[in-house]
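Colleague: Input start.cif, format and content: mmCIF, C-alpha atoms and all ligand atoms.
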```
data_query
loop_
_atom_site.label_atom_id
_atom_site.label_comp_id
_atom_site.auth_asym_id
_atom_site.auth_seq_id
_atom_site.Cartn_x
_atom_site.Cartn_y
_atom_site.Cartn_z
CA MET A 1 9.66 -2.96 4.95
CA ASP A 2 12.29 -4.90 6.88
CA GLY A 3 12.89 -7.51 4.17
CA LYS A 4 13.76 -4.83 1.65
CA ILE A 5 16.24 -3.21 4.04
CA GLU A 6 17.94 -6.57 4.70
CA PHE A 7 18.03 -7.24 0.96
CA LYS A 8 19.83 -3.92 0.40
CA LYS A 9 22.46 -4.98 2.93
CA VAL A 10 23.05 -8.23 0.98
CA ILE A 11 23.42 -6.32 -2.29
CA GLU A 12 25.79 -3.77 -0.74
CA TYR A 13 27.95 -6.55 0.68
CA ILE A 14 28.07 -8.39 -2.64
CA ASN A 15 28.93 -5.21 -4.57
CA LEU A 16 31.91 -4.62 -2.33
CA ASN A 17 33.18 -8.15 -1.81
CA ILE A 18 32.01 -10.66 -4.39
CA THR A 19 31.97 -11.16 -8.14
CA LEU A 20 28.81 -13.06 -8.96
CA PRO A 21 28.99 -15.95 -11.43
CA SER A 22 27.05 -15.23 -14.62
CA ASN A 23 24.46 -17.96 -13.99
CA ILE A 24 23.44 -16.33 -10.68
CA VAL A 25 23.35 -12.69 -11.86
CA PRO A 26 19.87 -12.98 -13.51
CA TYR A 27 18.33 -14.26 -10.24
CA PHE A 28 19.67 -11.23 -8.38
CA GLU A 29 18.64 -8.81 -11.11
CA ASP A 30 15.14 -10.26 -11.16
CA LEU A 31 14.90 -10.08 -7.38
CA ILE A 32 15.97 -6.41 -7.41
CA LEU A 33 13.19 -5.74 -9.93
CA LYS A 34 10.65 -7.55 -7.76
CA TRP A 35 11.64 -5.52 -4.71
CA ASN A 36 11.46 -2.27 -6.66
CA ASN A 37 7.95 -3.05 -7.82
CA LYS A 38 5.45 -2.16 -5.17
CA LEU A 39 4.48 -5.32 -3.33
CA LYS A 40 0.83 -6.01 -3.78
CA ASN A 41 -0.07 -9.24 -2.04
CA THR A 42 1.25 -12.48 -0.65
CA SER A 43 1.66 -14.01 -4.11
CA ASP A 44 4.46 -11.49 -4.81
CA TYR A 45 6.44 -13.14 -2.05
CA PHE A 46 5.77 -16.59 -3.45
CA ASN A 47 7.07 -15.37 -6.79
CA MET A 48 10.39 -14.62 -5.13
CA LYS A 49 10.73 -18.24 -4.07
CA ILE A 50 12.61 -19.41 -7.15
CA ASN A 51 15.11 -16.53 -6.85
CA HIS A 52 15.56 -17.35 -3.19
CA SER A 53 16.27 -21.05 -3.75
CA TYR A 54 18.90 -20.49 -6.45
CA ILE A 55 20.60 -17.72 -4.49
CA THR A 56 20.54 -19.76 -1.26
CA GLY A 57 22.24 -22.66 -3.10
CA PHE A 58 24.89 -20.28 -4.41
CA ILE A 59 25.53 -18.64 -1.02
CA LEU A 60 25.83 -22.01 0.74
CA SER A 61 28.46 -23.05 -1.81
CA LEU A 62 30.62 -20.01 -0.98
CA ASP A 63 31.65 -20.74 2.57
CA ASN A 64 31.34 -17.05 3.44
CA LEU A 65 29.87 -16.77 6.95
CA GLU A 66 29.22 -13.04 6.79
CA LEU A 67 27.22 -13.24 3.59
CA LYS A 68 25.38 -16.31 4.85
CA LYS A 69 24.36 -14.40 7.97
CA LEU A 70 23.14 -11.40 5.95
CA TRP A 71 21.18 -13.70 3.65
CA ASP A 72 19.61 -15.63 6.56
CA ASN A 73 18.54 -12.35 8.15
CA TYR A 74 16.97 -11.27 4.91
CA ILE A 75 15.08 -14.55 4.40
CA ASN A 76 13.81 -14.54 8.00
CA LYS A 77 12.53 -10.97 7.81
CA THR A 78 10.82 -11.64 4.50
CA MET A 79 9.14 -14.78 5.86
CA GLU A 80 7.99 -12.96 8.98
CA TYR A 81 6.44 -10.22 6.88
CA ARG A 82 4.81 -12.71 4.53
CA VAL A 83 3.08 -14.50 7.40
CA LYS A 84 1.90 -11.16 8.83
CA LYS A 85 0.70 -10.05 5.41
CA MET A 86 -1.27 -13.29 4.94
CA ALA A 87 -3.03 -12.71 8.26
CA PHE A 88 -3.81 -9.12 7.20
CA ASP A 89 -5.18 -10.32 3.86
CA ILE A 90 -7.59 -12.78 5.52
CA ASP A 91 -8.70 -10.14 8.01
CA MET A 92 -9.17 -7.64 5.16
CA LEU A 93 -11.34 -10.06 3.17
CA GLU A 94 -13.60 -10.53 6.19
CA LYS A 95 -13.94 -6.77 6.69
CA LEU A 96 -14.74 -6.19 3.02
CA GLU A 97 -17.31 -8.97 3.13
CA LYS A 98 -19.02 -7.27 6.10
CA ALA A 99 -18.98 -3.91 4.30
CA LYS A 100 -20.52 -5.52 1.23
CA LYS A 101 -23.34 -7.09 3.26
CA TYR A 102 -23.95 -3.84 5.13
CA LEU A 103 -24.21 -1.75 1.94
CA ASP A 104 -26.26 -4.41 0.13
CA GLY A 105 -28.69 -4.30 3.05
CA LYS A 106 -29.07 -0.54 2.65
CA HIS A 107 -29.63 -0.88 -1.14
CA ILE A 108 -26.88 1.59 -1.91
CA GLU A 109 -24.85 1.69 -5.08
CA PHE A 110 -21.21 0.90 -4.32
CA LYS A 111 -18.07 -0.62 -5.75
CA ILE A 112 -15.05 -2.17 -4.01
CA GLU A 113 -11.73 -1.98 -5.82
CA ASN A 114 -8.01 -1.81 -5.24
CA ASN A 115 -6.63 1.72 -5.26
CA LYS A 116 -3.50 1.53 -7.42
CA HIS A 117 -1.56 4.50 -6.09
CA ILE A 118 -1.90 3.66 -2.43
CA ASN A 119 -2.29 -0.09 -2.93
CA LEU A 120 -5.22 -0.48 -0.55
CA PRO A 121 -8.85 -1.50 -1.07
CA ILE A 122 -11.34 1.32 -1.42
CA ILE A 123 -15.12 1.41 -1.26
CA ILE A 124 -16.76 3.90 -3.61
CA ILE A 125 -20.28 4.81 -2.55
CA ASN A 126 -22.80 6.34 -4.98
CA LYS A 127 -19.88 7.01 -7.38
CA THR A 128 -18.89 10.04 -5.30
CA SER A 129 -17.53 9.05 -1.89
CA THR A 130 -14.38 7.05 -1.39
CA ILE A 131 -13.40 5.17 1.74
CA THR A 132 -9.90 3.74 1.97
CA ILE A 133 -9.59 0.59 4.07
CA LEU A 134 -6.37 0.27 6.04
CA ASP A 135 -5.02 -2.94 7.57
CA GLU A 136 -5.53 -1.49 11.04
CA ASN A 137 -9.12 -0.36 10.45
CA THR A 138 -11.61 -2.36 12.44
CA TRP A 139 -15.08 -3.15 11.13
CA ASP A 140 -16.41 -0.51 13.56
CA ASP A 141 -14.16 2.15 11.93
CA ILE A 142 -15.37 1.13 8.49
CA LYS A 143 -19.03 1.12 9.51
CA ARG A 144 -18.67 4.55 11.14
CA ASN A 145 -17.12 5.90 7.92
CA ILE A 146 -19.86 4.41 5.77
CA ASP A 147 -22.54 5.91 8.04
CA SER A 148 -20.80 9.29 7.97
CA LYS A 149 -20.65 9.22 4.14
CA LEU A 150 -24.32 8.36 3.95
CA SER A 151 -25.36 11.16 6.29
CA THR A 152 -23.38 13.97 4.61
CA PRO A 153 -25.06 15.89 1.79
CA ASN A 154 -24.27 15.05 -1.83
CA ASN A 155 -23.00 18.52 -2.62
CA PHE A 156 -20.68 20.01 -0.08
CA ASP A 157 -18.08 22.74 0.47
CA CYS A 158 -14.48 21.71 0.98
CA SER A 159 -13.36 22.90 4.38
CA ILE A 160 -9.72 23.21 3.27
CA CYS A 161 -9.87 25.18 0.01
CA CYS A 162 -13.44 26.47 0.49
CA LEU A 163 -14.54 25.37 -3.01
CA ASN A 164 -18.33 25.15 -3.08
CA ASN A 165 -20.71 22.54 -4.34
CA ILE A 166 -18.28 19.69 -4.70
CA LYS A 167 -19.65 16.29 -5.51
CA LYS A 168 -16.74 13.93 -4.93
CA LYS A 169 -15.08 13.77 -1.56
CA VAL A 170 -12.32 11.83 0.13
CA SER A 171 -12.38 11.33 3.86
CA CYS A 172 -10.09 10.37 6.68
CA ASN A 173 -10.87 6.89 7.90
CA LYS A 174 -10.00 7.76 11.47
CA CYS A 175 -11.98 10.97 12.07
CA SER A 176 -14.38 10.82 9.05
CA ASN A 177 -13.73 14.48 8.12
CA TYR A 178 -13.74 14.99 4.38
CA TRP A 179 -12.27 17.23 1.69
CA CYS A 180 -12.15 17.57 -2.10
CA ILE A 181 -10.00 15.56 -4.52
CA PRO A 182 -7.63 18.44 -5.54
CA CYS A 183 -6.92 18.99 -1.82
CA TYR A 184 -6.32 15.26 -1.41
CA ALA A 185 -3.88 15.34 -4.37
CA GLU A 186 -2.12 18.34 -2.82
CA ILE A 187 -1.64 16.51 0.49
CA TYR A 188 -0.36 13.43 -1.38
CA LYS A 189 2.11 15.63 -3.33
CA THR A 190 3.34 17.68 -0.37
CA ASN A 191 4.05 14.63 1.78
CA ASN A 192 5.53 12.48 -1.03
CA GLY A 193 2.79 9.88 -1.14
CA ILE A 194 1.75 9.95 2.49
CA ILE A 195 -1.75 11.15 3.22
CA LYS A 196 -1.82 13.14 6.44
CA CYS A 197 -5.28 14.08 7.69
CA PRO A 198 -5.42 17.88 8.23
CA TYR A 199 -7.90 17.39 11.08
CA CYS A 200 -6.61 14.54 13.24
CA ARG A 201 -3.06 14.18 11.82
CA PHE A 202 -3.68 10.49 11.10
CA GLU A 203 -1.28 9.25 8.39
CA PHE A 204 -1.38 6.48 5.83
CA GLY A 205 0.32 5.52 2.58
CA GLU A 206 3.90 4.87 1.66
CA LYS A 207 6.67 7.41 1.13
CA ILE A 208 7.53 7.68 -2.57
CA ASP A 209 11.02 8.88 -3.45
CA ASN A 210 10.67 8.57 -7.21
CA ASP A 211 9.39 11.79 -8.87
CA LEU A 212 7.86 10.01 -11.83
CA ILE A 213 5.91 7.54 -9.66
CA LEU A 214 4.71 10.45 -7.51
CA LYS A 215 3.60 12.35 -10.61
CA ILE A 216 1.68 9.30 -11.92
CA GLY A 217 0.04 8.95 -8.49
CA ILE A 218 -1.10 12.59 -8.55
CA GLU A 219 -2.49 12.19 -12.07
CA GLN A 220 -4.40 9.08 -11.02
CA ILE A 221 -5.93 10.90 -8.05
CA LEU A 222 -6.93 13.90 -10.17
CA SER A 223 -8.41 11.64 -12.87
CA ASN A 224 -11.12 10.74 -10.32
CA ILE A 225 -12.59 14.25 -10.28
ZN ZN B 1 -10.52 21.40 -1.28
ZN ZN B 2 -8.57 12.46 10.36
#
```
Re-express the file's structure as structure tokens.
Modeller:
Amino acid sequence: MDGKIEFKKVIEYINLNITLPSNIVPYFEDLILKWNNKLKNTSDYFNMKINHSYITGFILSLDNLELKKLWDNYINKTMEYRVKKMAFDIDMLEKLEKAKKYLDGKHIEFKIENNKHINLPIIIINKTSTITILDENTWDDIKRNIDSKLSTPNNFDCSICCLNNIKKKVSCNKCSNYWCIPCYAEIYKTNNGIIKCPYCRFEFGEKIDNDLILKIGIEQILSNI
């Protein structure tokens, strides 16, 4: 995310050139924490507002053009992303609403929830099939995936590891091919948090460089078996 990259530049510059006054340090420390937490929704950006106003006041008082420029860049990128994210959120709500109506109409048992380790909404159909909804998925993609889930048999063989009679499957939301949860966890582990479809090479998810977070993610995936 661009905002995070620009924020790192600000921190690097400060570390090398400036001693922060003690009343400003907590605002920076808190902001670092907020950036290190995975961003979930637009409200996370609003929560940064108080940090941003105090730090902006401090930077304006310094008369340091280079730092001011870095900070302005950071604020602009963050704002840009926030506006984009808000548009995505509205679009996502509409898509989920359509999915809900569609499944209600078919009298199928389903649940919509937020998947913690990839931070995206998922639709779980008949307790066994999971569909991940990406920002870029259109309603047509989602409908095609739902239809494909409904037409595949309840018990299936995983085409990657050849395990037979598997009940729970995860599928690619581009090509609708599916595989078992241990295989899904393996892909997640091998690519450090990024899910790469073995069939169509479509990728989603975020690269995780922290071993502990990756391990927790794998455990969460496997707990769904
Ligand atoms: Zn498998
Ligand atoms: Zn695929």
Colleague: Of the candidates A:Thr152, A:Ser171, A:Asn15, A:Asn23, which one gets nearest to ligand ZN 1 (chain B) if we count all atoms listed in the file?
Modeller: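 Smallest distance to ligand ZN 1 (chain B) is found for A:Ser171.
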Colleague: Hey, which bits of chain A sit within 12 Å of ligand ZN 1 (chain B), and for each residue what's the closest pair of atoms and how far apart in Å (one decimal), counting all atoms listed in the file, rows by chain and increasing number, as CSV?
Modeller:
```
residue,atom,partner,partner_atom,distance
A:Phe156,CA,B:ZN1,ZN,10.3
A:Asp157,CA,B:ZN1,ZN,7.9
A:Cys158,CA,B:ZN1,ZN,4.6
A:Ser159,CA,B:ZN1,ZN,6.5
A:Ile160,CA,B:ZN1,ZN,5.0
A:Cys161,CA,B:ZN1,ZN,4.0
A:Cys162,CA,B:ZN1,ZN,6.1
A:Leu163,CA,B:ZN1,ZN,5.9
A:Asn164,CA,B:ZN1,ZN,8.8
A:Asn165,CA,B:ZN1,ZN,10.7
A:Ile166,CA,B:ZN1,ZN,8.7
A:Lys167,CA,B:ZN1,ZN,11.3
A:Lys168,CA,B:ZN1,ZN,10.4
A:Lys169,CA,B:ZN1,ZN,8.9
A:Val170,CA,B:ZN1,ZN,9.8
A:Ser171,CA,B:ZN1,ZN,11.5
A:Tyr178,CA,B:ZN1,ZN,9.1
A:Trp179,CA,B:ZN1,ZN,5.4
A:Cys180,CA,B:ZN1,ZN,4.2
A:Ile181,CA,B:ZN1,ZN,6.7
A:Pro182,CA,B:ZN1,ZN,5.9
A:Cys183,CA,B:ZN1,ZN,4.4
A:Tyr184,CA,B:ZN1,ZN,7.4
A:Ala185,CA,B:ZN1,ZN,9.5
A:Glu186,CA,B:ZN1,ZN,9.1
A:Ile187,CA,B:ZN1,ZN,10.3
A:Pro198,CA,B:ZN1,ZN,11.4
A:Ile225,CA,B:ZN1,ZN,11.7
```
Colleague: Tell me which protein, DNA and RNA residues are within 8 Å of Trp139 of chain A, counting only C-alpha atoms, leaving out same-chain ones fewer than 4 positions away, and put them as an mmCIF file with C-alpha atoms, keeping the file's coordinate frame.
Modeller:
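Saved as result34.cif:
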```cif
data_model
loop_
_atom_site.group_PDB
_atom_site.id
_atom_site.type_symbol
_atom_site.label_atom_id
_atom_site.label_comp_id
_atom_site.auth_asym_id
_atom_site.auth_seq_id
_atom_site.Cartn_x
_atom_site.Cartn_y
_atom_site.Cartn_z
ATOM 1 C CA LYS A 95 -13.940 -6.770 6.690
ATOM 2 C CA LYS A 98 -19.020 -7.270 6.100
ATOM 3 C CA ALA A 99 -18.980 -3.910 4.300
ATOM 4 C CA LYS A 143 -19.030 1.120 9.510
#
```
Colleague: In Å, how far is it from atom CA of Ile124 of chain A to atom CA of Lys149 of chain A?
Modeller: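 Calculated distance between atom CA of Ile124 of chain A and atom CA of Lys149 of chain A is 10.2 Å.
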Colleague: Given the choices A:Cys172, A:Ile195, A:Leu120, A:Ile208, which gets closest to ligand ZN 2 (chain B) if the distance is worked out from only C-alpha atoms and all ligand atoms?
Modeller: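 Among the listed residues, the smallest separation from ligand ZN 2 (chain B) belongs to A:Cys172.
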Colleague: Please list as a PyMOL selection string every residue within 8 Å of Ile218 of chain A, counting all atoms listed in the file and excluding residues in the same chain fewer than 3 positions away.
Modeller: chain A and resi 185+188-189+214-215+221-222
Colleague: Show me which residues sit within 10 Å of ligand ZN 2 (chain B) when counting only C-alpha atoms and all ligand atoms, and put them as a compact mmCIF listing (two decimals) with C-alpha atoms, in the coordinates of the input.
Modeller:
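Just written: out.txt:
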```
# COMPACT_ATOMS: atom_id res chain seq x y z
CA SER A 171 -12.38 11.33 3.86
CA CYS A 172 -10.09 10.37 6.68
CA ASN A 173 -10.87 6.89 7.90
CA LYS A 174 -10.00 7.76 11.47
CA CYS A 175 -11.98 10.97 12.07
CA SER A 176 -14.38 10.82 9.05
CA ASN A 177 -13.73 14.48 8.12
CA TYR A 178 -13.74 14.99 4.38
CA ILE A 195 -1.75 11.15 3.22
CA LYS A 196 -1.82 13.14 6.44
CA CYS A 197 -5.28 14.08 7.69
CA PRO A 198 -5.42 17.88 8.23
CA TYR A 199 -7.90 17.39 11.08
CA CYS A 200 -6.61 14.54 13.24
CA ARG A 201 -3.06 14.18 11.82
CA PHE A 202 -3.68 10.49 11.10
CA GLU A 203 -1.28 9.25 8.39
```
Colleague: Kindly give the distance, in Å, that separates atom CA of Tyr45 of chain A and atom CA of Gly57 of chain A, rounded to a single decimal.
Modeller: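 That distance, rounded to one decimal, is 18.5 Å.
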Colleague: Given the choices A:Trp35, A:Phe7, A:Phe46, A:Phe58, which gets closest to Leu20 of chain A if the distance is worked out from only C-alpha atoms?
Modeller: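 When distances to Leu20 of chain A are compared using only C-alpha atoms, the smallest one comes from A:Phe58.
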Colleague: Can you measure atom CA of Pro121 of chain A to atom CA of His107 of chain A for me? One decimal in Å is fine.
Modeller: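 Atom CA of Pro121 of chain A sits 20.8 Å away from atom CA of His107 of chain A.
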Colleague: Using all atoms listed in the file, which of A:Asn192, A:Tyr54, A:Lys111, A:Asp72 sits nearest Asn210 of chain A?
Modeller: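 Ranked by minimum distance to Asn210 of chain A, first place goes to A:Asn192.
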Colleague: Return the single residue from A:Asp135, A:Asp104, A:Asp209, A:Glu97 that is closest to Lys85 of chain A, with distances computed using only C-alpha atoms.
Modeller: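 Result for the nearest residue to Lys85 of chain A: A:Asp135.
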Colleague: Please complete segment 5-19 of chain A with N, CA and C atoms and give it back as a short mmCIF file (atom, residue, chain, number, x, y, z; two decimals), keeping the file's coordinate frame.
Modeller:
```cif
data_model
loop_
_atom_site.label_atom_id
_atom_site.label_comp_id
_atom_site.auth_asym_id
_atom_site.auth_seq_id
_atom_site.Cartn_x
_atom_site.Cartn_y
_atom_site.Cartn_z
N ILE A 5 15.04 -3.80 3.43
CA ILE A 5 16.24 -3.21 4.04
C ILE A 5 17.34 -4.27 4.14
N GLU A 6 16.95 -5.48 4.58
CA GLU A 6 17.94 -6.57 4.70
C GLU A 6 18.47 -6.96 3.32
N PHE A 7 17.61 -6.90 2.32
CA PHE A 7 18.03 -7.24 0.96
C PHE A 7 19.08 -6.24 0.47
N LYS A 8 18.86 -4.96 0.79
CA LYS A 8 19.83 -3.92 0.40
C LYS A 8 21.19 -4.20 1.01
N LYS A 9 21.19 -4.68 2.26
CA LYS A 9 22.46 -4.98 2.93
C LYS A 9 23.19 -6.10 2.18
N VAL A 10 22.44 -7.11 1.74
CA VAL A 10 23.05 -8.23 0.98
C VAL A 10 23.69 -7.68 -0.29
N ILE A 11 22.93 -6.86 -1.02
CA ILE A 11 23.42 -6.32 -2.29
C ILE A 11 24.67 -5.46 -2.07
N GLU A 12 24.63 -4.62 -1.03
CA GLU A 12 25.79 -3.77 -0.74
C GLU A 12 27.02 -4.62 -0.45
N TYR A 13 26.83 -5.68 0.33
CA TYR A 13 27.95 -6.55 0.68
C TYR A 13 28.51 -7.22 -0.57
N ILE A 14 27.62 -7.71 -1.42
CA ILE A 14 28.07 -8.39 -2.64
C ILE A 14 28.82 -7.41 -3.55
N ASN A 15 28.27 -6.22 -3.71
CA ASN A 15 28.93 -5.21 -4.57
C ASN A 15 30.36 -4.94 -4.13
N LEU A 16 30.57 -4.95 -2.84
CA LEU A 16 31.91 -4.62 -2.33
C LEU A 16 32.86 -5.81 -2.30
N ASN A 17 32.31 -7.02 -2.12
CA ASN A 17 33.18 -8.15 -1.81
C ASN A 17 33.16 -9.33 -2.78
N ILE A 18 32.16 -9.42 -3.63
CA ILE A 18 32.01 -10.66 -4.39
C ILE A 18 31.73 -10.40 -5.86
N THR A 19 32.34 -11.20 -6.73
CA THR A 19 31.97 -11.16 -8.14
C THR A 19 31.02 -12.33 -8.38
#
```
